[in-house]
Amino acid sequence: MNTVKTVRELRAAVARARNEGKRIGFVPTMGNLHSGHVALITKATQRVDFVVASIFVNPLQFGAGEDLDKYPRTLAADQEKLLEAGCDLLFAPTVEEMYPDGMAGQTRVSVPQLSEGLCGASRPGHFEGVATVVSKLFNMVQPDLAIFGQKDFQQLAVIRALAHDLNMPIQIIGEPTVRAADGLALSSRNGFLSEKQRAVAPVVYRTLNAIAESIKQGERDFPALINTQIKQLEAAGLRPDYLEVRHALTLRPATAQDRDLVILVAAFLGTTRLIDNLHLNLDAPA
Ligand code: PAF
């Protein structure tokens, strides 16, 4: 696996693969890779002939006071994992390479509606930063398909929308969340949890399952359901940011008639913000 740091080198390497008739798959990341990322690369190797990954901690998607500076940078370990997973090319640019003219005047991509609410409400500008960097990366790599984790459910919806709305000929694939044995969704931020907090964290996924079970059994008073479970999270020592039942495609607040639902949660454990979700399609075969 080759690692390149400039757009020029990236384009040259991808062009060589294209000239050999290869289909290109792309897995954008911010590094500090775990089994969830490895699953995305593995999926890509099954779908295409040439897999490109990127590692870039994108300052544009971090708000003031968020964890940009302490976000783990583990390039050497990440390179090993990518190599082992079958990645062909790693693009690991600097901030200057991605934003040569600075970020203040950078053209932005914003996806209204889907970016509002949930993480968009508590992290203003976050999805504009994500949509902008992903659009730039898509234009640099020009892949046939790109793969993202479903853990970032709202992010995936935003990226699907931008690719569709901007007529990018890229197939967007969402892959199921990879979880620890106790249910905690794998995340680079889990490393910030103390041993005690790590033991508490699986309550987030248990909460999602408890809500899903109640809905399956016919409960449709979503506010009441959510209130009860918010209290459970608080009792376990978390500070919920949001816990909501939404329509899985539009992300609008769910109505009692909706069948394709997603339950989404963000909650602080100490200073670490955990997010997770559970997709519940009531019409899917059991
Ligand atoms: O999910 C992530 O790791 C990031 O938001 C992404 C998609 C790589 C954009 O920086």
# chains A, B, ... in the order shown; residues from 1 in each chain; ligands from 1

$ select_by_dssp --residues "range 131-274 of chain A" --states "strand (DSSP E)" --output "ChimeraX atom specification"
/A:145-149,171-175,239-247,260-269,272-274

$ residues_near_ligand --ligand "ligand 1" --cutoff "8 Å" --atoms "only C-alpha atoms and all ligand atoms" --output "list in words"
Val27, Pro28, Thr29, Met30, Gly31, Ser54, Ile55, Phe56, Val57, Asn58, Gln61, Gly129, Val130, Ala131, Val133, Val134, Phe148, Gly149, Asp152 and Gln155 of chain A

$ residues_around --residues "Val265 in chain A" --least-positions-apart "4" --cutoff "7 Å" --atoms "only C-alpha atoms" --output "list in words"
Tyr242, Leu243, Glu244, Ile275, Asp276 and Asn277 of chain A

$ atom_distance --atom1 "CA of Val262 in chain A" --atom2 "CA of Gln150 in chain A"
11.2 Å

$ residues_around --residues "Arg47 in chain A" --least-positions-apart "6" --cutoff "10 Å" --atoms "only C-alpha atoms" --output "list in words"
Arg23, Ile24, Gly25, Ile41 and Leu145 of chain A

$ write_last_selection --atoms "N, CA, C and O atoms" --output "compact mmCIF listing (two decimals), in the first residue's frame"
# COMPACT_ATOMS: atom_id res chain seq x y z
N ARG A 23 -12.02 -0.61 -11.03
CA ARG A 23 -13.07 0.18 -10.37
C ARG A 23 -12.52 0.67 -9.04
O ARG A 23 -11.82 -0.05 -8.33
N ILE A 24 -12.88 1.91 -8.70
CA ILE A 24 -12.28 2.55 -7.53
C ILE A 24 -13.29 2.64 -6.39
O ILE A 24 -14.41 3.13 -6.59
N GLY A 25 -12.88 2.21 -5.21
CA GLY A 25 -13.71 2.37 -4.01
C GLY A 25 -13.00 3.30 -3.03
O GLY A 25 -11.76 3.34 -2.99
N ILE A 41 -13.20 -1.15 4.89
CA ILE A 41 -12.17 -1.45 3.88
C ILE A 41 -12.41 -2.85 3.30
O ILE A 41 -12.37 -3.05 2.08
N LEU A 145 -17.52 4.10 -5.98
CA LEU A 145 -18.37 3.98 -4.79
C LEU A 145 -17.60 4.43 -3.55
O LEU A 145 -16.36 4.44 -3.54

$ select_by_dssp --residues "range 12-46 of chain A" --states "helix (DSSP H, G or I)" --output "CSV table (one decimal) with C-alpha atoms, in the first residue's frame"
chain,number,residue,atom,x,y,z
A,12,ALA,CA,-1.8,10.2,-10.5
A,13,ALA,CA,-2.1,6.9,-8.5
A,14,VAL,CA,-5.9,6.7,-9.1
A,15,ALA,CA,-5.4,7.5,-12.8
A,16,ARG,CA,-3.0,4.6,-13.1
A,17,ALA,CA,-5.5,2.3,-11.6
A,18,ARG,CA,-8.3,3.6,-13.9
A,19,ASN,CA,-6.1,3.1,-16.9
A,35,SER,CA,-12.5,-2.8,13.6
A,36,GLY,CA,-15.4,-0.7,12.3
A,37,HIS,CA,-13.1,1.1,9.8
A,38,VAL,CA,-11.5,-2.2,8.9
A,39,ALA,CA,-14.9,-3.6,8.1
A,40,LEU,CA,-15.5,-0.7,5.6
A,41,ILE,CA,-12.2,-1.5,3.9
A,42,THR,CA,-12.9,-5.2,3.7
A,43,LYS,CA,-16.3,-4.4,2.2
A,44,ALA,CA,-14.6,-2.1,-0.4
A,45,THR,CA,-12.2,-4.9,-1.3
A,46,GLN,CA,-15.1,-7.2,-2.1

$ atom_distance --atom1 "CA of Phe62 in chain A" --atom2 "CA of Met168 in chain A"
25.2 Å

$ closest_residue --among "A:Arg206, A:Lys81, A:His126, A:Lys22" --to "Ala236 in chain A" --atoms "only C-alpha atoms"
A:Arg206

$ closest_residue --among "A:Ile172, A:Leu251, A:Leu208, A:Ala163" --to "Leu184 in chain A" --atoms "only C-alpha atoms"
A:Leu208

$ atom_distance --atom1 "CA of Arg259 in chain A" --atom2 "CA of Cys119 in chain A"
22.9 Å

$ closest_residue --among "A:Arg246, A:Arg198, A:His34, A:Lys136" --to "Phe153 in chain A" --atoms "only C-alpha atoms"
A:Arg246

$ residues_around --residues "Asp283 in chain A" --least-positions-apart "4" --cutoff "12 Å" --atoms "only C-alpha atoms" --output "list in words"
Lys216, Gln257, Asp258, Arg259, Asp260, Leu261 and His279 of chain A

$ residues_around --residues "Ala64 in chain A" --least-positions-apart "2" --cutoff "12 Å" --atoms "only C-alpha atoms" --output "list in words"
Pro59, Leu60, Gln61, Phe62, Glu66, Asp67, Leu68, Asp69, Ser122, Arg123, Pro124, Gly125 and His126 of chain A
